[in-house]
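Visitor: This structure is in C-alpha coordinates; I'll ask about it shortly.
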Amino acid sequence: MQKHWLVVLFGLLWIGQVSAETRYITDITYVPMRTGPSNEYRILHRGLKTGTALVLLEEDSGNGFSKVKHGDQQGYVPTQYLMTNPPAFHQLPAALDRASNMAAENKALEKRLIERDGQLQEVTSELSKADNKLERQQVELKRLQDISAEPLAIDRRNQQLVEENERLKNQLQVLQAENRQMDRDIKLRWFLFGGGTILLGILLGLFLPMLKIRKKESAWV
(Lines give C-alpha, C1' and ligand atoms only; values in the text may rest on other atoms or scores of the structure.)
Protein backbone atom coordinates (compact mmCIF):
# COMPACT_ATOMS: atom_id res chain seq x y z
CA MET A 1 0.00 0.00 0.00
CA GLN A 2 2.78 2.36 0.91
CA LYS A 3 4.58 1.60 -2.36
CA HIS A 4 1.37 2.32 -4.25
CA TRP A 5 1.10 5.80 -2.73
CA LEU A 6 4.76 6.48 -3.54
CA VAL A 7 4.14 5.60 -7.18
CA VAL A 8 1.12 7.89 -7.28
CA LEU A 9 3.09 10.70 -5.64
CA PHE A 10 5.94 10.42 -8.16
CA GLY A 11 3.38 10.31 -10.95
CA LEU A 12 1.75 13.54 -9.75
CA LEU A 13 5.15 15.21 -9.43
CA TRP A 14 6.07 14.13 -12.95
CA ILE A 15 2.74 15.39 -14.33
CA GLY A 16 3.27 18.73 -12.51
CA GLN A 17 6.68 19.13 -14.13
CA VAL A 18 5.32 18.23 -17.56
CA SER A 19 2.42 20.68 -17.24
CA ALA A 20 4.89 23.59 -16.98
CA GLU A 21 6.38 22.85 -20.39
CA THR A 22 5.29 24.26 -23.75
CA ARG A 23 5.03 22.39 -27.03
CA TYR A 24 4.42 23.66 -30.60
CA ILE A 25 2.58 22.21 -33.58
CA THR A 26 5.11 21.15 -36.22
CA ASP A 27 5.28 22.33 -39.79
CA ILE A 28 1.99 20.53 -40.63
CA THR A 29 -0.70 22.92 -41.76
CA TYR A 30 -3.50 21.66 -39.47
CA VAL A 31 -3.54 19.11 -36.62
CA PRO A 32 -6.86 18.01 -35.05
CA MET A 33 -7.30 17.87 -31.27
CA ARG A 34 -9.50 15.01 -29.99
CA THR A 35 -11.24 14.17 -26.78
CA GLY A 36 -9.19 11.01 -26.21
CA PRO A 37 -5.78 9.51 -27.03
CA SER A 38 -6.69 7.90 -30.38
CA ASN A 39 -8.17 8.74 -33.76
CA GLU A 40 -11.45 7.13 -32.69
CA TYR A 41 -12.30 9.93 -30.29
CA ARG A 42 -14.36 12.95 -31.22
CA ILE A 43 -12.53 15.96 -32.65
CA LEU A 44 -12.61 19.07 -30.44
CA HIS A 45 -10.61 21.30 -32.79
CA ARG A 46 -10.28 20.48 -36.47
CA GLY A 47 -7.23 22.55 -37.27
CA LEU A 48 -4.47 23.63 -34.93
CA LYS A 49 -2.23 25.67 -37.18
CA THR A 50 1.48 25.20 -37.44
CA GLY A 51 3.26 27.08 -34.65
CA THR A 52 0.28 27.01 -32.27
CA ALA A 53 1.56 26.99 -28.68
CA LEU A 54 0.05 24.27 -26.48
CA VAL A 55 0.47 23.55 -22.76
CA LEU A 56 1.65 19.96 -22.33
CA LEU A 57 -0.37 18.21 -19.61
CA GLU A 58 0.60 14.59 -20.19
CA GLU A 59 3.29 13.41 -22.59
CA ASP A 60 2.61 10.11 -24.41
CA SER A 61 -0.72 9.45 -22.74
CA GLY A 62 -1.15 6.37 -24.91
CA ASN A 63 -1.45 5.31 -28.57
CA GLY A 64 1.13 7.96 -29.54
CA PHE A 65 -1.04 10.86 -28.23
CA SER A 66 -0.22 13.55 -25.67
CA LYS A 67 -2.69 15.52 -23.56
CA VAL A 68 -2.51 19.26 -24.15
CA LYS A 69 -4.35 22.46 -23.36
CA HIS A 70 -5.23 25.10 -25.91
CA GLY A 71 -6.91 28.12 -24.42
CA ASP A 72 -9.82 26.76 -22.33
CA GLN A 73 -9.89 23.43 -24.19
CA GLN A 74 -8.07 20.27 -23.18
CA GLY A 75 -7.61 17.39 -25.57
CA TYR A 76 -5.22 15.01 -27.25
CA VAL A 77 -2.99 15.42 -30.30
CA PRO A 78 -0.50 13.02 -31.92
CA THR A 79 2.84 13.29 -30.08
CA GLN A 80 4.71 13.16 -33.38
CA TYR A 81 3.31 16.58 -34.29
CA LEU A 82 4.67 18.24 -31.15
CA MET A 83 8.12 19.74 -30.83
CA THR A 84 9.98 21.63 -28.15
CA ASN A 85 11.05 24.66 -30.22
CA PRO A 86 8.86 26.92 -32.35
CA PRO A 87 8.74 26.01 -36.08
CA ALA A 88 11.20 27.55 -38.47
CA PHE A 89 8.87 30.18 -39.90
CA HIS A 90 8.17 31.43 -36.35
CA GLN A 91 11.89 31.63 -35.63
CA LEU A 92 12.61 33.34 -38.93
CA PRO A 93 11.60 36.90 -37.88
CA ALA A 94 13.75 36.69 -34.75
CA ALA A 95 16.59 35.29 -36.82
CA LEU A 96 16.14 38.11 -39.33
CA ASP A 97 16.16 40.64 -36.51
CA ARG A 98 19.34 39.13 -35.12
CA ALA A 99 20.89 39.11 -38.58
CA SER A 100 19.88 42.75 -39.07
CA ASN A 101 21.35 43.69 -35.70
CA MET A 102 24.54 41.82 -36.50
CA ALA A 103 24.75 43.57 -39.88
CA ALA A 104 24.34 46.94 -38.15
CA GLU A 105 26.99 46.00 -35.62
CA ASN A 106 29.29 44.86 -38.42
CA LYS A 107 28.83 48.17 -40.20
CA ALA A 108 29.61 50.04 -36.99
CA LEU A 109 32.69 47.89 -36.48
CA GLU A 110 33.77 48.47 -40.09
CA LYS A 111 33.35 52.22 -39.57
CA ARG A 112 35.41 52.08 -36.38
CA LEU A 113 38.00 49.96 -38.17
CA ILE A 114 38.27 52.53 -40.97
CA GLU A 115 38.67 55.28 -38.36
CA ARG A 116 41.33 53.27 -36.55
CA ASP A 117 43.11 52.63 -39.86
CA GLY A 118 43.17 56.36 -40.48
CA GLN A 119 44.52 56.99 -36.99
CA LEU A 120 47.10 54.25 -37.48
CA GLN A 121 48.24 55.83 -40.75
CA GLU A 122 48.58 59.20 -39.04
CA VAL A 123 50.57 57.68 -36.18
CA THR A 124 52.73 55.77 -38.67
CA SER A 125 53.40 58.98 -40.60
CA GLU A 126 54.31 60.85 -37.42
CA LEU A 127 56.56 57.98 -36.36
CA SER A 128 58.30 58.02 -39.73
CA LYS A 129 58.87 61.78 -39.42
CA ALA A 130 60.21 61.30 -35.90
CA ASP A 131 62.56 58.56 -37.14
CA ASN A 132 63.86 60.82 -39.92
CA LYS A 133 64.36 63.67 -37.47
CA LEU A 134 66.18 61.39 -35.05
CA GLU A 135 68.42 60.12 -37.84
CA ARG A 136 69.31 63.70 -38.85
CA GLN A 137 70.04 64.57 -35.23
CA GLN A 138 72.27 61.54 -34.86
CA VAL A 139 74.21 62.52 -38.00
CA GLU A 140 74.61 66.08 -36.68
CA LEU A 141 75.70 64.76 -33.28
CA LYS A 142 78.30 62.53 -34.95
CA ARG A 143 79.60 65.49 -36.93
CA LEU A 144 79.86 67.61 -33.77
CA GLN A 145 81.63 64.78 -31.99
CA ASP A 146 84.11 64.48 -34.85
CA ILE A 147 84.70 68.25 -34.80
CA SER A 148 85.17 68.36 -31.05
CA ALA A 149 87.31 65.20 -30.94
CA GLU A 150 90.57 66.99 -32.02
CA PRO A 151 90.35 69.86 -29.48
CA LEU A 152 89.62 67.32 -26.80
CA ALA A 153 92.67 65.30 -27.82
CA ILE A 154 94.83 68.46 -27.81
CA ASP A 155 93.51 69.40 -24.40
CA ARG A 156 94.29 65.92 -23.06
CA ARG A 157 97.82 66.13 -24.58
CA ASN A 158 98.36 69.55 -23.01
CA GLN A 159 97.25 68.18 -19.68
CA GLN A 160 99.68 65.29 -20.04
CA LEU A 161 102.51 67.73 -20.92
CA VAL A 162 101.67 69.89 -17.91
CA GLU A 163 101.76 66.85 -15.65
CA GLU A 164 105.07 65.71 -17.22
CA ASN A 165 106.52 69.19 -16.77
CA GLU A 166 105.53 69.21 -13.13
CA ARG A 167 107.12 65.81 -12.65
CA LEU A 168 110.37 66.97 -14.27
CA LYS A 169 110.37 70.11 -12.14
CA ASN A 170 110.05 67.98 -9.03
CA GLN A 171 112.90 65.76 -10.17
CA LEU A 172 115.03 68.84 -10.93
CA GLN A 173 114.38 70.26 -7.48
CA VAL A 174 115.37 66.94 -5.91
CA LEU A 175 118.59 66.79 -7.99
CA GLN A 176 119.44 70.40 -7.14
CA ALA A 177 118.97 69.68 -3.46
CA GLU A 178 121.17 66.59 -3.75
CA ASN A 179 123.86 68.60 -5.61
CA ARG A 180 123.85 71.31 -2.95
CA GLN A 181 124.21 68.66 -0.26
CA MET A 182 127.10 67.02 -2.13
CA ASP A 183 128.79 70.40 -2.61
CA ARG A 184 128.52 71.09 1.10
CA ASP A 185 129.92 67.65 1.87
CA ILE A 186 132.89 68.18 -0.47
CA LYS A 187 133.62 71.60 0.94
CA LEU A 188 133.45 70.18 4.44
CA ARG A 189 135.83 67.42 3.54
CA TRP A 190 138.30 69.84 2.02
CA PHE A 191 138.01 72.04 5.06
CA LEU A 192 138.63 69.12 7.34
CA PHE A 193 141.48 67.97 5.17
CA GLY A 194 143.09 71.44 5.14
CA GLY A 195 142.60 71.83 8.86
CA GLY A 196 144.18 68.45 9.47
CA THR A 197 147.15 69.34 7.28
CA ILE A 198 147.71 72.59 9.15
CA LEU A 199 147.39 70.83 12.48
CA LEU A 200 149.88 68.21 11.33
CA GLY A 201 152.34 70.95 10.28
CA ILE A 202 152.04 72.62 13.64
CA LEU A 203 152.63 69.38 15.47
CA LEU A 204 155.62 68.60 13.32
CA GLY A 205 156.95 72.08 13.95
CA LEU A 206 156.69 71.46 17.66
CA PHE A 207 158.04 67.93 17.84
CA LEU A 208 160.89 68.04 15.32
CA PRO A 209 163.01 70.52 17.33
CA MET A 210 162.49 68.43 20.41
CA LEU A 211 163.74 65.35 18.58
CA LYS A 212 166.89 67.15 17.44
CA ILE A 213 167.71 68.28 20.99
CA ARG A 214 167.35 64.75 22.32
CA LYS A 215 169.69 63.42 19.66
CA LYS A 216 172.37 65.96 20.64
CA GLU A 217 172.06 65.11 24.28
CA SER A 218 172.45 61.49 23.52
CA ALA A 219 175.60 62.17 21.54
CA TRP A 220 177.17 64.15 24.43
CA VAL A 221 176.62 61.39 26.84
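Numbering starts fresh at 1 for the residues of each chain in the C-alpha coordinates, the chains themselves are lettered A, B, ... in the order given, and ligands are numbered from 1 as they appear.
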Which polymer residues have any atom within 12 Å of an atom of Arg42 (chain A), counting only C-alpha atoms, with same-chain residues fewer than 4 positions away left out, as a list in words?

Guide: Pro32, Met33, Arg34, Thr35, Gly36, Pro37, Ser38, Arg46, Gly75, Tyr76 and Val77 of chain A

Visitor: For the residues selected in the previous step, produce a file with N, CA and C atoms as a CSV table (one decimal), in the first residue's frame.

Guide:
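Output (again32.csv):
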```
chain,number,residue,atom,x,y,z
A,32,PRO,N,-5.6,18.1,-35.8
A,32,PRO,CA,-6.9,18.0,-35.1
A,32,PRO,C,-6.6,17.7,-33.6
A,33,MET,N,-7.4,18.2,-32.7
A,33,MET,CA,-7.3,17.9,-31.3
A,33,MET,C,-8.5,17.1,-30.9
A,34,ARG,N,-8.4,15.9,-30.3
A,34,ARG,CA,-9.5,15.0,-30.0
A,34,ARG,C,-9.7,14.9,-28.5
A,35,THR,N,-10.9,14.3,-28.2
A,35,THR,CA,-11.2,14.2,-26.8
A,35,THR,C,-10.5,13.0,-26.1
A,36,GLY,N,-9.9,12.1,-26.8
A,36,GLY,CA,-9.2,11.0,-26.2
A,36,GLY,C,-7.9,10.7,-27.0
A,37,PRO,N,-7.1,9.8,-26.4
A,37,PRO,CA,-5.8,9.5,-27.0
A,37,PRO,C,-5.8,8.5,-28.2
A,38,SER,N,-6.7,8.7,-29.2
A,38,SER,CA,-6.7,7.9,-30.4
A,38,SER,C,-7.5,8.6,-31.4
A,46,ARG,N,-10.6,21.1,-35.2
A,46,ARG,CA,-10.3,20.5,-36.5
A,46,ARG,C,-8.9,21.0,-37.0
A,75,GLY,N,-7.4,18.5,-24.7
A,75,GLY,CA,-7.6,17.4,-25.6
A,75,GLY,C,-6.3,16.7,-25.9
A,76,TYR,N,-6.4,15.8,-26.9
A,76,TYR,CA,-5.2,15.0,-27.2
A,76,TYR,C,-4.8,15.2,-28.7
A,77,VAL,N,-3.5,15.3,-28.9
A,77,VAL,CA,-3.0,15.4,-30.3
A,77,VAL,C,-1.9,14.4,-30.5
```

Visitor: As a short mmCIF file (atom, residue, chain, number, x, y, z; two decimals) with C-alpha atoms, in the first residue's frame, please: the residues near Thr22 (chain A) (cut-off 6 Å, only C-alpha atoms, same-chain neighbours under 2 positions excluded).

Guide:
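To be explicit, this is the file written out as out_31.cif:
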```cif
data_model
loop_
_atom_site.label_atom_id
_atom_site.label_comp_id
_atom_site.auth_asym_id
_atom_site.auth_seq_id
_atom_site.Cartn_x
_atom_site.Cartn_y
_atom_site.Cartn_z
CA LEU A 54 0.05 24.27 -26.48
CA VAL A 55 0.47 23.55 -22.76
CA LEU A 56 1.65 19.96 -22.33
#
```

Visitor: Check the DSSP output for the backbone and give back, as a list in words, the residues of region 60-166 of chain A in strand (DSSP E or B).

Guide: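 Secondary structure check on region 60-166 of chain A, strand (DSSP E or B): Asp60, Ser61, Gly62, Phe65, Ser66, Lys67, Val68, Lys69, His70, Gln73, Gln74, Gly75, Tyr76, Val77, Pro78, Leu82 and Met83 of chain A.
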